[in-house]
$ cat start34.cif   # mmCIF, C-alpha atoms
data_my_file
#
loop_
_atom_site.label_atom_id
_atom_site.label_comp_id
_atom_site.auth_asym_id
_atom_site.auth_seq_id
_atom_site.Cartn_x
_atom_site.Cartn_y
_atom_site.Cartn_z
CA MET X 1 -3.61 -27.70 18.45
CA ALA X 2 -4.64 -28.80 14.96
CA GLU X 3 -6.22 -25.45 14.53
CA ALA X 4 -2.96 -23.69 15.17
CA LEU X 5 -1.13 -25.87 12.66
CA THR X 6 -3.43 -25.47 9.67
CA PRO X 7 -2.24 -22.43 7.81
CA ALA X 8 -4.96 -19.84 8.11
CA THR X 9 -5.48 -17.03 5.73
CA ILE X 10 -4.47 -13.67 7.03
CA ASN X 11 -6.02 -10.44 6.02
CA LEU X 12 -2.97 -8.24 5.57
CA LYS X 13 -4.98 -5.05 5.23
CA GLU X 14 -6.71 -5.86 8.48
CA ALA X 15 -3.42 -6.61 10.21
CA PHE X 16 -2.02 -3.38 8.80
CA LYS X 17 -4.83 -1.45 10.45
CA SER X 18 -4.96 -3.31 13.74
CA SER X 19 -1.23 -3.13 14.36
CA GLY X 20 -1.49 0.66 14.56
CA VAL X 21 0.93 1.01 11.66
CA ALA X 22 -1.66 2.59 9.41
CA GLU X 23 -2.33 5.22 12.02
CA ILE X 24 1.34 6.07 12.44
CA LEU X 25 1.85 6.33 8.68
CA GLU X 26 -1.19 8.59 8.45
CA THR X 27 0.07 10.98 11.12
CA LEU X 28 3.42 10.90 9.38
CA ASP X 29 1.72 11.97 6.17
CA ARG X 30 -0.30 14.63 7.87
CA GLU X 31 2.29 16.17 10.15
CA LEU X 32 5.37 15.97 8.00
CA ILE X 33 5.30 18.16 4.94
CA GLY X 34 7.11 17.14 1.77
CA LEU X 35 9.68 14.34 2.21
CA ALA X 36 7.83 12.20 -0.34
CA PRO X 37 10.75 9.79 -0.97
CA VAL X 38 11.26 9.33 2.76
CA LYS X 39 7.61 8.52 3.36
CA GLN X 40 7.69 6.11 0.43
CA ARG X 41 10.69 4.27 1.88
CA ILE X 42 9.11 4.10 5.33
CA ARG X 43 5.91 2.71 3.86
CA GLU X 44 7.87 0.06 1.98
CA THR X 45 9.86 -0.84 5.06
CA ALA X 46 6.69 -1.07 7.13
CA ALA X 47 5.14 -3.38 4.55
CA LEU X 48 8.18 -5.63 4.59
CA LEU X 49 8.24 -5.79 8.36
CA LEU X 50 4.53 -6.52 8.56
CA VAL X 51 4.84 -9.36 6.07
CA GLU X 52 7.86 -10.76 7.94
CA ARG X 53 5.86 -10.68 11.16
CA LYS X 54 2.95 -12.52 9.59
CA ARG X 55 5.31 -15.09 8.08
CA LYS X 56 6.64 -15.70 11.54
CA ASP X 57 3.11 -16.07 12.92
CA LEU X 58 2.34 -18.67 10.28
CA GLY X 59 5.52 -20.58 10.99
CA LEU X 60 7.25 -19.85 7.67
CA ALA X 61 10.98 -19.46 7.48
CA HIS X 62 11.91 -16.00 8.57
CA ASP X 63 14.98 -14.13 9.57
CA THR X 64 15.02 -11.24 11.99
CA PRO X 65 15.58 -8.53 9.42
CA THR X 66 18.45 -6.13 9.97
CA LEU X 67 16.75 -2.94 11.01
CA HIS X 68 19.66 -0.59 11.52
CA MET X 69 19.18 2.48 9.38
CA SER X 70 21.04 5.44 8.08
CA PHE X 71 19.36 8.81 7.62
CA THR X 72 21.30 11.20 5.46
CA GLY X 73 20.37 14.74 4.53
CA ASN X 74 21.05 18.38 5.16
CA PRO X 75 20.40 19.95 8.55
CA GLY X 76 16.80 20.64 9.44
CA THR X 77 15.27 18.14 7.02
CA GLY X 78 13.46 16.23 9.75
CA LYS X 79 15.81 13.33 10.47
CA THR X 80 15.26 13.37 14.24
CA THR X 81 11.51 13.78 13.85
CA VAL X 82 11.30 10.82 11.51
CA ALA X 83 13.54 8.75 13.82
CA ASN X 84 11.07 9.39 16.60
CA ARG X 85 8.19 8.17 14.44
CA MET X 86 10.30 5.22 13.36
CA ALA X 87 10.66 4.15 16.98
CA GLY X 88 6.88 4.20 17.35
CA LEU X 89 6.45 2.32 14.09
CA LEU X 90 8.90 -0.43 15.01
CA HIS X 91 7.27 -0.72 18.40
CA SER X 92 3.77 -1.20 17.01
CA LEU X 93 5.13 -3.81 14.60
CA GLY X 94 6.72 -5.58 17.54
CA TYR X 95 10.33 -5.26 16.44
CA VAL X 96 11.44 -3.25 19.46
CA ARG X 97 9.99 -3.99 22.87
CA LYS X 98 9.70 -0.52 24.42
CA GLY X 99 9.77 1.92 21.52
CA HIS X 100 11.66 4.81 23.10
CA LEU X 101 14.22 6.91 21.28
CA VAL X 102 17.62 7.72 22.75
CA SER X 103 19.25 10.53 20.83
CA VAL X 104 23.01 10.93 21.22
CA THR X 105 26.02 12.55 19.58
CA ARG X 106 29.73 11.80 19.75
CA ASP X 107 30.08 13.46 23.17
CA ASP X 108 27.70 10.96 24.76
CA LEU X 109 29.59 7.95 23.44
CA VAL X 110 33.25 8.88 23.46
CA GLY X 111 35.21 9.51 26.65
CA GLN X 112 38.00 11.93 27.33
CA TYR X 113 40.70 9.61 28.58
CA ILE X 114 41.75 5.99 28.30
CA GLY X 115 39.20 3.57 29.71
CA HIS X 116 36.44 6.13 29.76
CA THR X 117 34.89 5.35 26.39
CA ALA X 118 33.77 1.75 26.83
CA PRO X 119 31.66 2.30 29.97
CA LYS X 120 30.17 5.45 28.47
CA THR X 121 29.20 3.79 25.22
CA LYS X 122 27.86 0.76 27.06
CA GLU X 123 25.75 2.89 29.36
CA ILE X 124 24.11 4.57 26.38
CA LEU X 125 23.58 1.23 24.68
CA LYS X 126 21.97 -0.18 27.80
CA LYS X 127 19.64 2.81 28.01
CA ALA X 128 18.66 2.39 24.38
CA MET X 129 17.93 -1.34 24.62
CA GLY X 130 14.36 -2.17 23.82
CA GLY X 131 14.19 0.98 21.74
CA VAL X 132 15.99 2.98 19.08
CA LEU X 133 19.44 4.56 19.41
CA PHE X 134 19.73 7.66 17.23
CA ILE X 135 23.32 8.78 16.65
CA ASP X 136 23.30 12.26 15.20
CA GLU X 137 26.29 13.34 13.11
CA ALA X 138 27.68 9.84 13.36
CA TYR X 139 30.71 10.62 11.18
CA TYR X 140 32.28 12.51 14.09
CA LEU X 141 32.85 9.11 15.70
CA TYR X 142 35.59 8.41 13.22
CA LYS X 143 38.51 10.80 12.98
CA PRO X 144 40.90 9.49 10.33
CA ASP X 145 43.63 12.03 11.11
CA ASN X 146 44.04 10.79 14.69
CA GLU X 147 44.56 7.06 14.98
CA ARG X 148 44.55 7.18 18.77
CA ASP X 149 41.13 8.80 18.82
CA TYR X 150 38.77 7.04 21.25
CA GLY X 151 35.98 7.18 18.68
CA GLN X 152 37.30 3.97 17.19
CA GLU X 153 36.70 2.19 20.48
CA ALA X 154 33.09 3.38 20.56
CA ILE X 155 32.64 2.19 16.97
CA GLU X 156 33.88 -1.28 17.85
CA ILE X 157 31.50 -1.65 20.78
CA LEU X 158 28.63 -0.32 18.68
CA LEU X 159 29.32 -2.75 15.87
CA GLN X 160 29.51 -5.66 18.26
CA VAL X 161 26.17 -4.88 19.87
CA MET X 162 24.55 -4.06 16.51
CA GLU X 163 25.51 -7.52 15.34
CA ASN X 164 24.93 -9.63 18.46
CA GLN X 165 21.85 -7.99 19.92
CA ARG X 166 19.83 -7.20 16.85
CA ASP X 167 16.66 -8.18 18.70
CA ASP X 168 17.36 -5.76 21.50
CA LEU X 169 17.95 -2.48 19.78
CA VAL X 170 17.87 -0.64 16.48
CA VAL X 171 20.55 1.88 15.64
CA ILE X 172 19.89 4.84 13.37
CA LEU X 173 22.92 6.76 12.14
CA ALA X 174 22.29 10.25 10.87
CA GLY X 175 24.29 13.00 9.24
CA TYR X 176 25.03 15.02 6.12
CA SER X 177 25.06 12.89 2.98
CA ASP X 178 28.61 13.50 1.76
CA ARG X 179 30.27 13.07 5.13
CA MET X 180 28.24 9.96 5.92
CA ALA X 181 29.32 8.49 2.59
CA LYS X 182 32.95 9.03 3.58
CA PHE X 183 32.23 7.56 7.00
CA TYR X 184 30.85 4.35 5.48
CA GLU X 185 33.80 4.11 3.13
CA SER X 186 36.25 4.09 5.99
CA ASN X 187 34.08 1.84 8.19
CA PRO X 188 32.91 -1.03 5.99
CA GLY X 189 31.62 -2.77 9.12
CA PHE X 190 28.91 -0.17 9.43
CA ARG X 191 27.94 -0.24 5.80
CA SER X 192 27.28 -3.97 5.83
CA ARG X 193 25.28 -3.80 9.05
CA VAL X 194 23.05 -0.93 8.02
CA ALA X 195 20.31 -2.22 5.77
CA HIS X 196 18.18 0.82 5.11
CA HIS X 197 19.67 3.99 3.74
CA ILE X 198 17.15 6.80 3.58
CA ASP X 199 18.05 10.11 2.01
CA PHE X 200 16.24 13.25 3.13
CA PRO X 201 15.83 15.83 0.35
CA ASP X 202 15.84 19.57 0.98
CA TYR X 203 12.48 21.28 1.28
CA SER X 204 11.19 23.46 -1.53
CA ASP X 205 10.22 27.08 -0.83
CA ALA X 206 6.53 26.27 -0.92
CA GLU X 207 7.00 23.42 1.53
CA LEU X 208 8.95 25.63 3.91
CA LEU X 209 6.18 28.24 3.82
CA HIS X 210 3.68 25.51 4.60
CA ILE X 211 5.90 24.37 7.49
CA ALA X 212 6.13 27.93 8.79
CA GLU X 213 2.37 28.25 8.80
CA MET X 214 1.97 24.96 10.57
CA MET X 215 4.51 25.89 13.24
CA LEU X 216 2.68 29.17 13.87
CA ASP X 217 -0.64 27.41 13.92
CA GLN X 218 0.61 25.06 16.65
CA GLN X 219 1.42 28.09 18.78
CA ASN X 220 -1.87 29.83 17.97
CA TYR X 221 -0.33 32.49 15.75
CA THR X 222 -1.21 33.43 12.18
CA PHE X 223 0.40 35.42 9.39
CA SER X 224 -1.30 38.52 8.07
CA PRO X 225 -1.45 38.36 4.24
CA ALA X 226 1.43 40.84 4.00
CA ALA X 227 3.46 38.85 6.51
CA ARG X 228 2.88 35.70 4.51
CA GLN X 229 4.28 37.46 1.47
CA ALA X 230 7.24 38.66 3.55
CA MET X 231 7.87 35.13 4.78
CA GLU X 232 7.87 33.87 1.21
CA ASN X 233 10.55 36.44 0.31
CA TYR X 234 12.42 35.62 3.47
CA ILE X 235 12.62 31.93 2.61
CA SER X 236 13.97 32.45 -0.88
CA LEU X 237 16.53 34.96 0.43
CA ARG X 238 17.55 32.89 3.43
CA ARG X 239 18.24 29.90 1.22
CA THR X 240 21.01 31.74 -0.62
CA GLN X 241 22.78 32.66 2.61
CA PRO X 242 25.25 30.49 4.52
CA HIS X 243 24.20 28.15 7.35
CA PHE X 244 20.77 27.53 5.91
CA ALA X 245 19.19 24.69 7.88
CA ASN X 246 15.81 24.15 6.23
CA ALA X 247 13.00 23.82 8.76
CA ARG X 248 15.29 24.71 11.65
CA SER X 249 16.10 28.09 10.07
CA ILE X 250 12.39 28.68 9.66
CA ARG X 251 11.71 27.88 13.29
CA ASN X 252 14.44 30.25 14.42
CA ALA X 253 13.15 32.98 12.12
CA LEU X 254 9.66 32.55 13.55
CA ASP X 255 10.98 32.69 17.11
CA ARG X 256 12.71 35.97 16.34
CA SER X 257 9.66 37.42 14.62
CA ARG X 258 7.58 36.54 17.68
CA LEU X 259 10.09 38.46 19.73
CA ARG X 260 9.72 41.53 17.51
CA HIS X 261 5.96 41.09 17.52
CA ALA X 262 5.90 41.15 21.32
CA ASN X 263 8.12 44.21 21.46
CA ARG X 264 6.01 46.03 18.89
CA LEU X 265 2.87 45.39 20.91
CA LEU X 266 4.51 46.61 24.11
CA GLU X 267 5.71 49.80 22.51
CA ALA X 268 2.37 50.59 20.88
CA ASP X 269 -0.15 52.57 22.93
CA GLY X 270 -3.67 51.47 23.68
CA ASP X 271 -5.22 48.07 24.38
CA VAL X 272 -4.49 44.97 22.36
CA THR X 273 -7.03 42.53 20.99
CA THR X 274 -6.76 38.77 20.69
CA ASP X 275 -6.32 39.33 17.01
CA MET X 276 -3.35 41.60 17.52
CA LEU X 277 -1.81 39.19 19.99
CA SER X 278 -1.93 36.32 17.55
CA THR X 279 -1.17 37.98 14.21
CA ILE X 280 2.38 38.29 12.95
CA GLU X 281 2.62 41.39 10.72
CA ALA X 282 4.96 42.02 7.82
CA PRO X 283 7.29 44.41 9.71
CA ASP X 284 7.99 41.65 12.26
CA ILE X 285 9.53 39.61 9.48
CA ARG X 286 10.92 42.41 7.31
CA ALA X 287 13.11 43.57 10.22
CA SER X 288 15.22 40.43 9.87
CA ARG X 289 18.91 40.85 9.04
CA VAL X 290 18.33 38.60 6.03
CA PHE X 291 16.58 41.51 4.34
CA ALA X 292 19.17 43.97 5.63
CA ALA X 293 21.95 42.05 3.89
CA ILE X 294 20.14 42.50 0.58
CA GLY X 295 19.69 46.22 1.10
CA LYS X 296 23.45 46.81 1.19
CA MET A 1 26.15 -26.18 50.95
CA LYS A 2 23.68 -24.17 48.93
CA VAL A 3 23.85 -20.61 50.14
CA THR A 4 20.50 -18.86 50.10
CA GLN A 5 19.84 -15.22 50.67
CA GLY A 6 17.59 -12.43 49.43
CA CYS A 7 14.37 -12.84 47.48
CA PHE A 8 13.34 -16.17 45.98
CA SER A 9 15.83 -17.97 48.20
CA PHE A 10 13.18 -20.63 48.82
CA LEU A 11 12.85 -21.33 45.09
CA PRO A 12 15.08 -23.30 42.78
CA ASP A 13 17.60 -21.13 40.91
CA LEU A 14 15.98 -18.79 38.39
CA SER A 15 16.59 -19.30 34.69
CA ASP A 16 17.82 -16.40 32.59
CA ASP A 17 14.32 -15.79 31.25
CA GLN A 18 12.95 -15.63 34.75
CA ILE A 19 15.74 -13.29 35.82
CA ALA A 20 14.93 -11.03 32.86
CA GLN A 21 11.28 -10.96 33.91
CA GLN A 22 12.20 -10.00 37.45
CA ILE A 23 14.38 -7.22 36.06
CA GLU A 24 11.49 -6.03 33.91
CA TYR A 25 9.41 -5.76 37.05
CA CYS A 26 12.13 -3.79 38.85
CA LEU A 27 12.53 -1.41 35.90
CA LYS A 28 8.79 -0.88 35.76
CA GLN A 29 8.94 0.25 39.39
CA GLU A 30 11.69 2.68 38.35
CA TRP A 31 14.25 1.09 40.63
CA SER A 32 17.90 1.34 39.66
CA ILE A 33 19.81 -1.90 39.34
CA GLY A 34 23.26 -2.85 40.53
CA ILE A 35 25.19 -6.05 40.00
CA GLU A 36 27.58 -7.37 42.65
CA TYR A 37 29.81 -10.43 42.92
CA THR A 38 31.86 -12.16 45.56
CA ASP A 39 33.61 -15.43 46.30
CA ASP A 40 32.77 -15.25 49.98
CA ALA A 41 29.08 -15.80 50.50
CA HIS A 42 29.24 -15.85 54.27
CA PRO A 43 25.89 -14.53 55.54
CA ARG A 44 27.64 -11.74 57.41
CA ASN A 45 29.57 -10.58 54.37
CA THR A 46 27.56 -7.59 53.22
CA TYR A 47 30.37 -6.06 51.20
CA TRP A 48 30.28 -7.60 47.76
CA GLU A 49 32.30 -6.21 44.85
CA MET A 50 30.42 -3.90 42.50
CA TRP A 51 30.28 -4.89 38.87
CA GLY A 52 30.46 -1.51 37.12
CA ASN A 53 28.25 1.36 38.17
CA PRO A 54 24.63 0.97 39.18
CA MET A 55 22.34 1.33 36.18
CA PHE A 56 19.84 4.16 36.15
CA ASP A 57 17.08 5.02 33.67
CA LEU A 58 17.09 1.73 31.79
CA LYS A 59 13.96 0.83 29.85
CA ASP A 60 14.60 -2.80 29.08
CA ALA A 61 16.07 -5.83 30.81
CA ALA A 62 18.37 -6.62 27.88
CA GLY A 63 20.95 -4.10 29.11
CA VAL A 64 21.12 -5.67 32.57
CA MET A 65 21.27 -9.18 31.13
CA MET A 66 24.22 -8.07 29.01
CA GLU A 67 26.07 -6.96 32.15
CA ILE A 68 25.20 -10.16 34.00
CA ARG A 69 26.61 -12.22 31.12
CA GLU A 70 29.79 -10.17 31.12
CA CYS A 71 30.14 -10.45 34.88
CA ARG A 72 29.75 -14.24 34.63
CA LYS A 73 32.43 -14.36 31.98
CA ALA A 74 34.84 -12.25 34.01
CA ASN A 75 34.12 -13.97 37.34
CA PRO A 76 33.41 -17.61 36.67
CA ASP A 77 32.69 -19.67 39.74
CA GLN A 78 31.63 -16.81 41.95
CA TYR A 79 28.38 -15.61 43.43
CA ILE A 80 26.62 -12.84 41.51
CA ARG A 81 23.61 -11.03 42.85
CA LEU A 82 21.36 -8.30 41.63
CA ASN A 83 20.20 -5.39 43.77
CA ALA A 84 17.33 -3.09 42.90
CA PHE A 85 17.38 0.25 44.68
CA ASP A 86 14.28 2.36 45.22
CA SER A 87 15.07 6.06 45.50
CA THR A 88 11.52 7.07 46.42
CA ARG A 89 11.50 9.36 49.45
CA GLY A 90 10.76 7.31 52.52
CA TRP A 91 12.07 4.09 50.99
CA GLU A 92 15.57 4.99 49.80
CA THR A 93 16.69 1.42 50.15
CA VAL A 94 17.29 -1.82 48.31
CA ARG A 95 13.86 -3.25 47.56
CA THR A 96 14.90 -6.46 45.88
CA SER A 97 18.07 -8.47 46.00
CA PHE A 98 18.57 -11.98 44.71
CA ILE A 99 21.34 -14.33 43.63
CA VAL A 100 21.53 -14.78 39.86
CA THR A 101 24.58 -17.04 39.65
CA ARG A 102 26.31 -19.38 42.07
CA PRO A 103 29.57 -21.33 41.73
CA LYS A 104 29.53 -25.02 40.87
CA ASN A 105 31.21 -25.99 44.11
CA GLU A 106 29.78 -23.95 46.88
CA PRO A 107 31.89 -23.37 49.97
CA LYS A 108 31.04 -25.20 53.16
CA LEU A 109 29.88 -23.30 56.19
CA ASP A 110 31.78 -24.57 59.22
CA MET A 111 30.63 -23.96 62.72
CA THR A 112 33.05 -23.99 65.64
CA ARG A 113 32.08 -23.99 69.32
CA GLN A 114 34.26 -22.33 71.84
CA ASP A 115 34.05 -22.67 75.61
CA VAL A 116 34.47 -19.35 77.32
CA ARG A 117 33.85 -18.09 80.86
CA SER A 118 31.71 -20.33 83.10
CA ARG A 119 29.39 -22.34 80.89
CA THR A 120 29.12 -19.73 78.06
CA MET A 121 29.48 -21.10 74.58
CA ASN A 122 30.58 -18.99 71.54
CA TYR A 123 29.72 -20.06 68.06
CA GLN A 124 31.63 -19.08 65.00
CA MET A 125 30.66 -19.64 61.38
CA SER A 126 33.26 -19.62 58.66
CA SER A 127 32.91 -20.42 55.00
CA ARG A 128 35.62 -22.53 53.43
CA ARG A 129 36.12 -24.14 50.08
#
$ encode --input "start34.cif" --output "structure tokens"
Amino acid sequence: MAEALTPATINLKEAFKSSGVAEILETLDRELIGLAPVKQRIRETAALLLVERKRKDLGLAHDTPTLHMSFTGNPGTGKTTVANRMAGLLHSLGYVRKGHLVSVTRDDLVGQYIGHTAPKTKEILKKAMGGVLFIDEAYYLYKPDNERDYGQEAIEILLQVMENQRDDLVVILAGYSDRMAKFYESNPGFRSRVAHHIDFPDYSDAELLHIAEMMLDQQNYTFSPAARQAMENYISLRRTQPHFANARSIRNALDRSRLRHANRLLEADGDVTTDMLSTIEAPDIRASRVFAAIGK
Amino acid sequence: MKVTQGCFSFLPDLSDDQIAQQIEYCLKQEWSIGIEYTDDAHPRNTYWEMWGNPMFDLKDAAGVMMEIRECRKANPDQYIRLNAFDSTRGWETVRTSFIVTRPKNEPKLDMTRQDVRSRTMNYQMSSRR
């Protein structure tokens, strides 16, 4: 008993490693390209949470920190991916009990007629308990032009649970920066309950190329040198066109180039080699309509 | 009279922490959980009112505990029980069922005897407050 009461020294570095946090941060570093400010914020948050945990272990005054977060950024900047890692991180730090991620949008929370919204929202909340609730495009919950919109009801239930059951679940709100800013302005209740605001920057061209190569690598494909050059051009062109969604655009472009690659192989005569099966050539990428638009 | 039925009926009433632990066990078995309440705990009354829909795919007991608390608030002084349903082929039945809340004053179970033909005796149980 006396042993437990004497304040022991704690090796924070050791705790950092043994809690599995270090490992998660490392994979985050390795698998997510760019996003330096996001990684920095996550590292800081992890440090804070670890110290809080140790304070609790030593019997010092501690408060369950508010963990609700807001991820803002353009489409395809990795918000969902990071939310997934966040769930794992919070789980290994012991702030959520199960560590699963429930990803929802307005449709999953808001009902279509009176009395439909509350049970729907509650069901989602119950599923998310013990884990992380990720609300994508959260600003759709609030429609200022329609005061009878059921979104308001969902917001009220969310706020209540976010406040009263902070130990049971963590809510992450995500969306485009400007619209989220407006959303917080009109819902001060959310702003005060969300402690961590993390902004996701757009990827640079070089980062997107790196991402493209990594995506291909995961599927056992490679670029030929000419194709790599074509991809570089593609990225800088695609960025200037509407509906550019960062990494998501790249993934879609790669999916389409794989399609063309498969068709090209089918149409060609003769046998194919492993090399041919796994190499994306320049024409597969150059055939994209992104280049066609420039030609006109 | 203290009405007992279902699992743990031989034990003293479970505390909320113990209930949560039982729920954790049920969820780990991937059973879905329903909450029911009634004011008539007669042993033959199998039709209790449902509190909301049964809950599927939950990961943590906190969600169920939230519903139990709300059910208690809405139905004070009634019996509330928890059913855990196993959908595994071959089972497809309630695997666990236990009372989580009981009213302060429990109804009495009265037994009446009735003489019928020759020396036959009929017994009837009725619960009354």
$ interface_residues --input "start34.cif" --of "chain X" --to "chain A" --cutoff "8 Å" --atoms "all atoms listed in the file" --output "list in words"
Arg97, Lys98, Glu123, Leu125, Lys126, Lys127, Ala128, Met129, Gly130 and Asp168 of chain X
$ closest_residue --input "start34.cif" --among "X:Ala282, X:Ala253, X:Ala87, X:Ile135" --to "Thr105 of chain X" --atoms "all atoms listed in the file"
X:Ile135
$ atom_distance --input "start34.cif" --atom1 "atom CA of Met50 of chain A" --atom2 "atom CA of Ile114 of chain X"
20.7 Å
$ residues_around --input "start34.cif" --residues "Lys39 of chain X" --least-positions-apart "5" --cutoff "9 Å" --atoms "all atoms listed in the file" --output "list in words"
Leu25, Leu28, Asp29, Gly34 and Glu44 of chain X
$ atom_distance --input "start34.cif" --atom1 "atom CA of Ser126 of chain A" --atom2 "atom CA of Met111 of chain A"
6.5 Å
$ resolve_selection --input "start34.cif" --expression "the PyMOL selection byres ((chain X and resi 66-82) around 9)" --output "MDAnalysis selection string"
chainID X and resid 28 32 35 38 63:65 83:87 95 103 134 136 162:163 166 169:178 180:181 193:203 244:249
$ residues_near_point --input "start34.cif" --point "(7.2, 26.8, -0.7)" --cutoff "12 Å" --atoms "all atoms listed in the file" --output "PDB file with C-alpha atoms, keeping the file's coordinate frame"
ATOM      1  CA  ILE X  33       5.300  18.160   4.940  1.00  0.00           C
ATOM      2  CA  GLY X  34       7.110  17.140   1.770  1.00  0.00           C
ATOM      3  CA  ASP X 202      15.840  19.570   0.980  1.00  0.00           C
ATOM      4  CA  TYR X 203      12.480  21.280   1.280  1.00  0.00           C
ATOM      5  CA  SER X 204      11.190  23.460  -1.530  1.00  0.00           C
ATOM      6  CA  ASP X 205      10.220  27.080  -0.830  1.00  0.00           C
ATOM      7  CA  ALA X 206       6.530  26.270  -0.920  1.00  0.00           C
ATOM      8  CA  GLU X 207       7.000  23.420   1.530  1.00  0.00           C
ATOM      9  CA  LEU X 208       8.950  25.630   3.910  1.00  0.00           C
ATOM     10  CA  LEU X 209       6.180  28.240   3.820  1.00  0.00           C
ATOM     11  CA  HIS X 210       3.680  25.510   4.600  1.00  0.00           C
ATOM     12  CA  ILE X 211       5.900  24.370   7.490  1.00  0.00           C
ATOM     13  CA  ALA X 212       6.130  27.930   8.790  1.00  0.00           C
ATOM     14  CA  GLU X 213       2.370  28.250   8.800  1.00  0.00           C
ATOM     15  CA  ARG X 228       2.880  35.700   4.510  1.00  0.00           C
ATOM     16  CA  GLN X 229       4.280  37.460   1.470  1.00  0.00           C
ATOM     17  CA  MET X 231       7.870  35.130   4.780  1.00  0.00           C
ATOM     18  CA  GLU X 232       7.870  33.870   1.210  1.00  0.00           C
ATOM     19  CA  ASN X 233      10.550  36.440   0.310  1.00  0.00           C
ATOM     20  CA  TYR X 234      12.420  35.620   3.470  1.00  0.00           C
ATOM     21  CA  ILE X 235      12.620  31.930   2.610  1.00  0.00           C
ATOM     22  CA  SER X 236      13.970  32.450  -0.880  1.00  0.00           C
ATOM     23  CA  ARG X 239      18.240  29.900   1.220  1.00  0.00           C
ATOM     24  CA  ASN X 246      15.810  24.150   6.230  1.00  0.00           C
ATOM     25  CA  ALA X 247      13.000  23.820   8.760  1.00  0.00           C
ATOM     26  CA  ILE X 250      12.390  28.680   9.660  1.00  0.00           C
TER      27      ILE X 250
END
$ resolve_selection --input "start34.cif" --expression "the PyMOL selection byres ((chain A and resi 99) around 12)" --output "PDB file with C-alpha atoms, keeping the file's coordinate frame"
ATOM      1  CA  LYS A   2      23.680 -24.170  48.930  1.00  0.00           C
ATOM      2  CA  VAL A   3      23.850 -20.610  50.140  1.00  0.00           C
ATOM      3  CA  THR A   4      20.500 -18.860  50.100  1.00  0.00           C
ATOM      4  CA  GLN A   5      19.840 -15.220  50.670  1.00  0.00           C
ATOM      5  CA  GLY A   6      17.590 -12.430  49.430  1.00  0.00           C
ATOM      6  CA  CYS A   7      14.370 -12.840  47.480  1.00  0.00           C
ATOM      7  CA  PHE A   8      13.340 -16.170  45.980  1.00  0.00           C
ATOM      8  CA  SER A   9      15.830 -17.970  48.200  1.00  0.00           C
ATOM      9  CA  PHE A  10      13.180 -20.630  48.820  1.00  0.00           C
ATOM     10  CA  LEU A  11      12.850 -21.330  45.090  1.00  0.00           C
ATOM     11  CA  PRO A  12      15.080 -23.300  42.780  1.00  0.00           C
ATOM     12  CA  ASP A  13      17.600 -21.130  40.910  1.00  0.00           C
ATOM     13  CA  LEU A  14      15.980 -18.790  38.390  1.00  0.00           C
ATOM     14  CA  SER A  15      16.590 -19.300  34.690  1.00  0.00           C
ATOM     15  CA  ASP A  16      17.820 -16.400  32.590  1.00  0.00           C
ATOM     16  CA  ILE A  19      15.740 -13.290  35.820  1.00  0.00           C
ATOM     17  CA  GLN A  22      12.200 -10.000  37.450  1.00  0.00           C
ATOM     18  CA  ILE A  35      25.190  -6.050  40.000  1.00  0.00           C
ATOM     19  CA  GLU A  36      27.580  -7.370  42.650  1.00  0.00           C
ATOM     20  CA  TYR A  37      29.810 -10.430  42.920  1.00  0.00           C
ATOM     21  CA  THR A  38      31.860 -12.160  45.560  1.00  0.00           C
ATOM     22  CA  ALA A  41      29.080 -15.800  50.500  1.00  0.00           C
ATOM     23  CA  TRP A  48      30.280  -7.600  47.760  1.00  0.00           C
ATOM     24  CA  ILE A  68      25.200 -10.160  34.000  1.00  0.00           C
ATOM     25  CA  GLN A  78      31.630 -16.810  41.950  1.00  0.00           C
ATOM     26  CA  TYR A  79      28.380 -15.610  43.430  1.00  0.00           C
ATOM     27  CA  ILE A  80      26.620 -12.840  41.510  1.00  0.00           C
ATOM     28  CA  ARG A  81      23.610 -11.030  42.850  1.00  0.00           C
ATOM     29  CA  LEU A  82      21.360  -8.300  41.630  1.00  0.00           C
ATOM     30  CA  ASN A  83      20.200  -5.390  43.770  1.00  0.00           C
ATOM     31  CA  ALA A  84      17.330  -3.090  42.900  1.00  0.00           C
ATOM     32  CA  THR A  96      14.900  -6.460  45.880  1.00  0.00           C
ATOM     33  CA  SER A  97      18.070  -8.470  46.000  1.00  0.00           C
ATOM     34  CA  PHE A  98      18.570 -11.980  44.710  1.00  0.00           C
ATOM     35  CA  VAL A 100      21.530 -14.780  39.860  1.00  0.00           C
ATOM     36  CA  THR A 101      24.580 -17.040  39.650  1.00  0.00           C
ATOM     37  CA  ARG A 102      26.310 -19.380  42.070  1.00  0.00           C
ATOM     38  CA  PRO A 103      29.570 -21.330  41.730  1.00  0.00           C
TER      39      PRO A 103
END
$ atom_distance --input "start34.cif" --atom1 "atom CA of Ser186 of chain X" --atom2 "atom CA of His243 of chain X"
26.9 Å
$ residues_around --input "start34.cif" --residues "Phe223 of chain X" --least-positions-apart "3" --cutoff "6 Å" --atoms "all atoms listed in the file" --output "PyMOL selection string"
chain X and resi 227-228+279-280
$ residues_around --input "start34.cif" --residues "segment 286-289 of chain X" --least-positions-apart "2" --cutoff "8 Å" --atoms "all atoms listed in the file" --output "PyMOL selection string"
chain X and resi 230+234+257+282-284+291-293
$ residues_around --input "start34.cif" --residues "segment 12-14 of chain X" --least-positions-apart "5" --cutoff "9 Å" --atoms "only C-alpha atoms" --output "list in words"
Ser19, Leu50, Val51 and Lys54 of chain X
